[in-house]
$ cat entry.cif   # mmCIF, C-alpha atoms
data_start
loop_
_atom_site.label_atom_id
_atom_site.label_comp_id
_atom_site.auth_asym_id
_atom_site.auth_seq_id
_atom_site.Cartn_x
_atom_site.Cartn_y
_atom_site.Cartn_z
CA MET A 1 125.65 83.06 77.41
CA LYS A 2 126.97 86.50 76.47
CA GLN A 3 125.30 86.21 73.11
CA ILE A 4 121.92 85.66 74.69
CA GLU A 5 122.48 88.54 77.07
CA ALA A 6 123.36 90.76 74.12
CA GLN A 7 120.26 89.63 72.26
CA LEU A 8 118.13 90.34 75.30
CA LYS A 9 119.64 93.80 75.59
CA ASP A 10 118.80 94.35 71.96
CA LEU A 11 115.13 94.00 72.90
CA GLN A 12 115.42 97.47 74.46
CA ARG A 13 114.54 98.72 71.02
CA ILE A 14 110.99 97.66 71.58
CA ARG A 15 109.10 100.92 71.92
CA PRO A 16 105.41 101.61 72.33
CA ASP A 17 103.60 103.14 69.40
CA LYS A 18 103.77 106.92 69.65
CA GLY A 19 100.07 107.28 69.02
CA PHE A 20 99.27 104.83 71.80
CA ALA A 21 101.70 106.54 74.20
CA LEU A 22 100.11 109.93 73.59
CA MET A 23 96.52 108.74 73.77
CA CYS A 24 97.20 106.68 76.89
CA ARG A 25 98.87 109.67 78.58
CA GLU A 26 96.01 112.02 77.79
CA ASP A 27 93.40 109.52 78.87
CA LEU A 28 95.27 108.70 82.05
CA LEU A 29 95.76 112.25 83.20
CA ALA A 30 92.34 113.48 82.11
CA SER A 31 90.16 110.70 83.44
CA ALA A 32 91.99 109.35 86.42
CA VAL A 33 92.18 111.49 89.47
CA VAL A 34 94.15 110.52 92.52
CA GLN A 35 91.67 109.28 95.01
CA PRO A 36 91.77 111.21 98.23
CA ASN A 37 93.28 109.07 100.90
CA VAL A 38 90.07 108.81 102.89
CA LYS A 39 90.29 105.58 104.73
CA ILE A 40 87.40 105.02 107.05
CA ASP A 41 89.06 103.49 110.01
CA ILE A 42 86.09 101.96 111.78
CA TRP A 43 87.89 101.19 115.01
CA ARG A 44 89.47 104.61 115.19
CA ASN A 45 86.17 106.33 114.50
CA LEU A 46 84.38 104.12 116.97
CA GLY A 47 87.00 104.86 119.58
CA LEU A 48 86.71 108.57 118.91
CA SER A 49 82.92 108.46 119.10
CA LEU A 50 83.05 106.50 122.34
CA SER A 51 85.55 108.93 123.81
CA LEU A 52 83.36 111.87 122.85
CA ALA A 53 80.25 110.20 124.22
CA LEU A 54 81.99 109.33 127.50
CA THR A 55 83.38 112.84 127.81
CA ALA A 56 79.94 114.32 127.19
CA LEU A 57 78.43 111.99 129.79
CA LEU A 58 81.13 112.88 132.26
CA VAL A 59 80.58 116.59 131.70
CA VAL A 60 76.81 116.22 132.11
CA PHE A 61 77.26 114.11 135.23
CA MET A 62 79.71 116.59 136.78
CA THR A 63 77.50 119.56 135.93
CA GLU A 64 74.45 117.88 137.41
CA ASN A 65 76.35 116.95 140.53
CA ALA A 66 77.74 120.42 140.91
CA ALA A 67 74.25 121.90 140.56
CA VAL A 68 72.79 119.47 143.07
CA SER A 69 75.65 120.09 145.48
CA SER A 70 75.41 123.86 145.33
CA TYR A 71 71.63 123.64 145.60
CA SER A 72 71.91 121.38 148.64
CA ILE A 73 74.52 123.57 150.33
CA ALA A 74 72.50 126.71 149.72
CA ASN A 75 69.36 124.99 150.98
CA ALA A 76 71.05 123.68 154.11
CA ASP A 77 72.35 127.13 154.94
CA ARG A 78 68.98 128.67 154.33
CA PHE A 79 67.28 125.98 156.39
CA ALA A 80 69.62 126.59 159.34
CA LYS A 81 69.00 130.32 159.18
CA GLU A 82 65.26 129.84 158.97
CA THR A 83 65.38 127.45 161.90
CA ALA A 84 67.33 129.92 164.02
CA LEU A 85 64.92 132.72 163.06
CA SER A 86 61.91 130.59 163.92
CA GLN A 87 63.49 129.75 167.24
CA ASP A 88 64.02 133.42 167.98
CA GLN A 89 60.49 134.25 166.95
CA ILE A 90 59.14 131.51 169.23
CA ASN A 91 61.23 132.83 172.12
CA ILE A 92 59.99 136.36 171.50
CA THR A 93 56.40 135.19 171.33
CA LEU A 94 56.81 133.25 174.58
CA ALA A 95 58.37 136.27 176.28
CA GLU A 96 55.54 138.46 175.02
CA LEU A 97 52.97 135.98 176.27
CA GLU A 98 54.64 135.85 179.65
CA TYR A 99 54.76 139.66 179.79
CA HIS A 100 51.12 140.08 178.84
CA SER A 101 50.07 137.39 181.28
CA GLU A 102 51.87 139.11 184.17
CA LEU A 103 50.65 142.53 183.01
CA ALA A 104 47.05 141.33 182.92
CA SER A 105 47.19 139.85 186.41
CA LYS A 106 48.81 142.99 187.90
CA THR A 107 46.42 145.33 186.11
CA SER A 108 43.58 143.23 187.33
CA MET A 109 44.88 143.35 190.93
CA ALA A 110 45.47 147.12 190.76
CA LEU A 111 42.00 147.75 189.36
CA ALA A 112 40.44 145.59 192.09
CA GLU A 113 42.32 147.47 194.81
CA ALA A 114 41.47 150.85 193.32
CA ALA A 115 37.83 149.88 193.09
CA ALA A 116 37.82 148.68 196.68
CA GLU A 117 39.59 151.61 198.29
CA GLY A 118 38.31 154.46 196.16
CA PRO A 119 40.01 157.87 196.76
CA ALA A 120 41.95 156.40 199.69
CA HIS A 121 44.07 154.76 197.14
CA LEU A 122 45.53 158.10 196.30
CA ASN A 123 46.63 158.56 199.93
CA GLN A 124 50.37 159.09 199.97
CA ASN A 125 50.87 157.17 203.17
CA LEU A 126 49.15 154.17 201.81
CA LEU A 127 51.26 154.33 198.69
CA LEU A 128 54.44 154.55 200.72
CA LYS A 129 53.30 151.62 202.75
CA GLU A 130 52.70 149.61 199.64
CA ALA A 131 56.10 150.60 198.38
CA GLU A 132 57.65 149.38 201.55
CA ASN A 133 55.75 146.12 201.13
CA LEU A 134 57.20 145.79 197.68
CA LYS A 135 60.67 146.15 199.28
CA ILE A 136 61.94 148.73 196.83
CA ASP A 137 65.55 149.21 197.72
CA SER A 138 65.91 152.91 197.16
CA GLY A 139 65.10 155.20 200.05
CA THR A 140 63.16 158.42 199.72
CA ASP A 141 66.09 160.54 200.68
CA ASN A 142 68.20 158.99 198.04
CA VAL A 143 65.55 159.63 195.41
CA ASP A 144 65.30 163.20 196.49
CA ASP A 145 69.02 163.62 196.27
CA LEU A 146 69.11 162.17 192.82
CA LEU A 147 66.25 164.42 191.70
CA ASN A 148 68.02 167.42 193.13
CA GLN A 149 71.19 166.54 191.31
CA ALA A 150 69.27 166.12 188.09
CA ILE A 151 67.37 169.39 188.47
CA PHE A 152 70.13 171.57 189.84
CA MET B 1 116.28 107.19 87.24
CA LEU B 2 114.99 110.71 87.11
CA GLU B 3 117.09 113.12 89.10
CA ASP B 4 114.10 114.63 90.80
CA GLU B 5 112.01 111.47 90.82
CA ARG B 6 111.41 111.79 94.53
CA ASN B 7 109.94 115.27 94.06
CA LEU B 8 107.81 114.09 91.18
CA ILE B 9 106.42 111.30 93.33
CA ILE B 10 105.63 113.73 96.15
CA ARG B 11 103.87 116.07 93.72
CA ALA B 12 101.98 113.20 92.10
CA LYS B 13 100.91 112.02 95.54
CA GLY B 14 99.52 115.49 96.08
CA GLY B 15 97.33 114.99 93.01
CA GLU B 16 99.45 116.86 90.46
CA ALA B 17 98.69 115.12 87.17
CA GLU B 18 101.57 116.68 85.27
CA ALA B 19 104.09 115.24 87.74
CA PHE B 20 102.65 111.80 87.24
CA GLY B 21 102.76 112.47 83.50
CA LEU B 22 106.54 112.89 83.71
CA LEU B 23 106.86 109.63 85.61
CA TYR B 24 104.70 108.02 82.93
CA ASP B 25 106.98 109.35 80.17
CA GLU B 26 109.99 107.89 81.93
CA TYR B 27 108.60 104.45 82.63
CA LEU B 28 106.16 103.83 79.78
CA PRO B 29 108.70 102.24 77.36
CA LYS B 30 110.03 99.89 80.03
CA ILE B 31 106.66 98.80 81.32
CA TYR B 32 105.27 98.39 77.82
CA ARG B 33 108.28 96.29 76.82
CA PHE B 34 107.99 94.21 79.94
CA VAL B 35 104.31 93.49 79.34
CA LEU B 36 104.77 92.90 75.62
CA LEU B 37 107.53 90.37 76.18
CA LYS B 38 105.28 88.54 78.59
CA THR B 39 102.10 88.58 76.55
CA GLY B 40 103.49 88.54 73.04
CA HIS B 41 100.52 90.56 71.78
CA ARG B 42 100.81 94.23 71.03
CA GLU B 43 97.19 95.18 71.64
CA GLU B 44 97.00 93.23 74.87
CA ALA B 45 100.28 94.76 75.94
CA GLU B 46 98.89 98.22 75.29
CA ASP B 47 95.74 97.50 77.26
CA LEU B 48 97.68 96.05 80.17
CA THR B 49 100.20 98.91 80.12
CA HIS B 50 97.35 101.38 80.29
CA GLN B 51 95.92 99.48 83.25
CA VAL B 52 99.30 99.43 85.00
CA PHE B 53 99.62 103.21 84.88
CA LEU B 54 95.97 103.73 85.71
CA GLN B 55 96.33 101.61 88.82
CA ALA B 56 99.60 103.31 89.73
CA TRP B 57 98.02 106.76 89.38
CA ARG B 58 95.01 105.80 91.44
CA SER B 59 97.03 104.23 94.21
CA ILE B 60 100.14 106.37 94.19
CA ARG B 61 99.35 107.53 97.72
CA ALA B 62 99.90 103.96 98.84
CA TYR B 63 103.48 104.02 97.58
CA ASN B 64 106.00 104.64 100.32
CA ASP B 65 109.62 105.30 99.54
CA ARG B 66 111.39 103.09 102.05
CA GLY B 67 114.40 102.16 100.00
CA TYR B 68 111.91 100.54 97.65
CA PRO B 69 112.34 102.04 94.18
CA PHE B 70 109.35 103.46 92.35
CA SER B 71 110.30 101.39 89.30
CA SER B 72 110.11 98.18 91.35
CA TRP B 73 106.66 99.21 92.55
CA LEU B 74 105.52 99.75 88.95
CA TYR B 75 106.97 96.43 87.79
CA ARG B 76 105.22 94.70 90.63
CA ILE B 77 101.88 96.16 89.51
CA ALA B 78 102.67 95.16 85.92
CA ARG B 79 103.58 91.64 86.92
CA ASN B 80 100.45 91.18 89.03
CA LEU B 81 98.21 92.45 86.24
CA THR B 82 99.91 90.22 83.68
CA VAL B 83 99.59 87.15 85.88
CA ASP B 84 95.95 88.02 86.53
CA TYR B 85 95.38 88.49 82.81
CA TYR B 86 96.82 85.05 82.08
CA ARG B 87 94.71 83.45 84.77
CA ARG B 88 91.57 84.81 83.16
CA PHE B 89 92.31 84.52 79.45
CA ARG B 90 95.36 82.37 78.89
CA PRO B 91 95.76 83.25 75.19
CA ALA B 92 97.70 81.09 72.78
CA VAL B 93 101.29 82.25 72.66
CA SER B 94 102.01 83.72 69.28
CA LEU B 95 104.83 86.11 68.97
CA ALA B 96 105.16 86.05 65.26
CA ASP B 97 104.98 89.81 65.30
CA ALA B 98 107.84 90.99 63.19
CA GLU B 99 106.56 94.46 63.98
CA LEU B 100 107.40 93.85 67.60
CA LEU B 101 110.54 95.79 67.03
CA SER B 102 110.02 99.28 65.77
CA ARG B 103 113.41 99.64 64.25
CA ASP B 104 114.63 102.60 62.37
CA ASP B 105 118.13 101.42 61.63
CA GLY B 106 118.79 100.79 57.99
CA ASP B 107 116.58 99.90 55.09
CA ASP B 108 118.05 96.52 54.30
CA PRO B 109 115.00 94.26 54.31
CA ILE B 110 117.05 91.06 54.69
CA ALA B 111 118.99 92.31 57.71
CA LYS B 112 115.76 93.61 59.15
CA PHE B 113 114.11 90.25 58.67
CA ASP B 114 117.02 88.32 60.24
CA LEU B 115 117.06 90.52 63.31
CA ALA B 116 113.32 90.32 63.64
CA GLU B 117 113.43 86.55 63.28
CA GLU B 118 116.14 86.23 65.90
CA SER B 119 114.24 88.44 68.30
CA THR B 120 111.05 86.55 67.66
CA ARG B 121 112.75 83.25 68.50
CA LEU B 122 114.22 84.72 71.63
CA THR B 123 110.97 86.21 72.85
CA ARG B 124 109.08 83.04 72.01
CA ASN B 125 111.52 81.05 74.14
CA LEU B 126 111.39 83.70 76.81
CA GLN B 127 107.68 83.10 77.12
CA LYS B 128 108.28 79.43 77.78
CA LEU B 129 110.04 80.31 81.01
CA LYS B 130 108.23 80.52 84.34
CA ASP B 131 106.68 83.85 85.19
CA ILE B 132 109.29 84.73 87.79
CA GLU B 133 112.12 83.76 85.43
CA GLN B 134 110.65 85.93 82.67
CA THR B 135 110.38 88.86 85.05
CA VAL B 136 113.93 88.51 86.28
CA VAL B 137 115.39 88.12 82.79
CA ILE B 138 113.49 91.11 81.38
CA MET B 139 114.32 93.34 84.33
CA ARG B 140 117.96 92.33 84.54
CA PHE B 141 118.97 91.99 80.88
CA VAL B 142 116.49 93.98 78.83
CA ASP B 143 115.87 96.91 81.14
CA GLU B 144 119.15 96.53 83.03
CA PHE B 145 117.84 96.93 86.54
CA SER B 146 120.07 96.10 89.46
CA ILE B 147 119.76 92.90 91.45
CA LYS B 148 118.39 94.94 94.35
CA GLU B 149 115.66 96.60 92.28
CA THR B 150 114.69 93.32 90.69
CA ALA B 151 114.57 91.61 94.06
CA ALA B 152 112.26 94.33 95.37
CA ALA B 153 109.92 93.93 92.39
CA VAL B 154 109.62 90.15 92.66
CA ASP B 155 109.70 90.13 96.45
CA LYS B 156 112.67 87.78 96.67
CA SER B 157 116.12 88.01 98.24
CA GLU B 158 119.01 89.17 96.12
CA GLY B 159 120.56 85.70 96.34
CA ALA B 160 117.35 84.13 95.07
CA VAL B 161 117.24 86.58 92.15
CA LYS B 162 120.81 85.65 91.15
CA LEU B 163 119.88 81.99 91.20
CA ILE B 164 116.70 82.51 89.18
CA GLN B 165 118.60 84.65 86.69
CA HIS B 166 121.31 82.01 86.19
CA ARG B 167 118.78 79.23 85.76
CA ALA B 168 116.66 81.24 83.31
CA ILE B 169 119.59 82.16 81.09
CA GLN B 170 120.70 78.52 81.04
CA LYS B 171 117.24 77.45 79.93
CA LEU B 172 117.11 80.11 77.23
CA LYS B 173 120.51 79.07 75.94
CA GLU B 174 119.44 75.44 75.73
CA MET B 175 116.17 76.28 74.00
CA MET B 176 117.91 78.51 71.45
CA ALA B 177 120.51 75.80 70.78
CA GLU B 178 117.82 73.17 70.29
CA GLU B 179 116.02 75.36 67.75
CA LYS B 180 119.16 75.86 65.74
CA GLN B 181 119.74 72.13 65.40
#
$ encode --input "entry.cif" --output "structure tokens"
Amino acid sequence: MKQIEAQLKDLQRIRPDKGFALMCREDLLASAVVQPNVKIDIWRNLGLSLSLALTALLVVFMTENAAVSSYSIANADRFAKETALSQDQINITLAELEYHSELASKTSMALAEAAAEGPAHLNQNLLLKEAENLKIDSGTDNVDDLLNQAIF
Amino acid sequence: MLEDERNLIIRAKGGEAEAFGLLYDEYLPKIYRFVLLKTGHREEAEDLTHQVFLQAWRSIRAYNDRGYPFSSWLYRIARNLTVDYYRRFRPAVSLADAELLSRDDGDDPIAKFDLAEESTRLTRNLQKLKDIEQTVVIMRFVDEFSIKETAAAVDKSEGAVKLIQHRAIQKLKEMMAEEKQ
């Protein structure tokens, strides 16, 4: 057994030819280049692509929604303001119409009276009488007092 | 083992050819011997050895040092390539190469012839063993690897390697004894 083991150990003397060793070395190091460890991991790449696509979709969706929301809010506010303004304008117009309607009827009545009475219309007594008919609450004395205070 | 083998491997993994060249210098004789003892043909052994190192250089990034020696990784490549070679070509075993041993010791032609003849008989019988037995015997007794390293190269447990080793040596002993008779 030991003899065989010794004989086997003796085979260590087997050496490659020096010429072969040199040529093989040169060829190996000159021609063979370590391949870059570029493993195309399909699942990983697919996962990454999907993640990116979903993120992009999410961003687009959120941006769109934000735009729509801000647009809607701005529009609602504007609409409310415009409605209030329109309401005010309508009220003003109605008040103006009412005023002009009353003014027209009174002017018409005054003109008719003036035409009917002529210069008598300028009679102070008549005017005072009309004023009394209109039930104006301030008396003549009071007016005079106020005028005096204002003048003096 | 090279003292800074780990560093050389790291550098070679980074693509540094000279680092791999140093690993080549260290392991070439062993791998060549291993392949030659399996094939029995010098030229085929040279071709296969070249392929072993070429494959190792191209796939060195795949090697991970997890208590798994670099030498075992190389022997595993060598073994796979040799087995594959035999599957495809299955050449006739002829190890009559007296030039198998490049010996420089002494000029006595008779002594040289006797030693060569003895070695030729041994290697011829070695080739009659199963592939795994050949691998274990070469790694353990020719290249003197540990049980652990050999086990890693053949992908067997240490206990299994011991058993294979014992059985292989027994077979060799019997074959050698039969030839002498």
$ interface_residues --input "entry.cif" --of "chain B" --to "chain A" --cutoff "9 Å" --atoms "all atoms listed in the file" --output "PyMOL selection string"
chain B and resi 12-18+20-21+24-25+28-30+32-33+36+42+46+49-50+53-54+57-62+100-103+118-119+122-123+137-138+141-144+169-170+172-173+176
$ atom_distance --input "entry.cif" --atom1 "atom CA of Asp65 of chain B" --atom2 "atom CA of Lys148 of chain B"
14.5 Å
$ resolve_selection --input "entry.cif" --expression "the PyMOL selection byres ((chain B and resi 66-78) around 9)" --output "ChimeraX atom specification"
/B:1,5-6,9,27,31,34-35,48-49,51-53,55-56,63-65,79-83,135,139,149-155
$ residues_near_point --input "entry.cif" --point "(118.1, 87.6, 91.4)" --cutoff "7 Å" --atoms "all atoms listed in the file" --output "ChimeraX atom specification"
/B:136,147,150-151,158-165
$ atom_distance --input "entry.cif" --atom1 "atom CA of Asn123 of chain A" --atom2 "atom CA of Asn142 of chain A"
21.7 Å
$ atom_distance --input "entry.cif" --atom1 "atom CA of Ala168 of chain B" --atom2 "atom CA of Arg140 of chain B"
11.2 Å
$ axis_aligned_box --input "entry.cif" --around "segment 126-137 of chain B" --padding-each-side "3 Å" --output "AutoDock Vina command-line options"
--center_x 111.0 --center_y 84.1 --center_z 82.3 --size_x 14.7 --size_y 15.4 --size_z 17.0
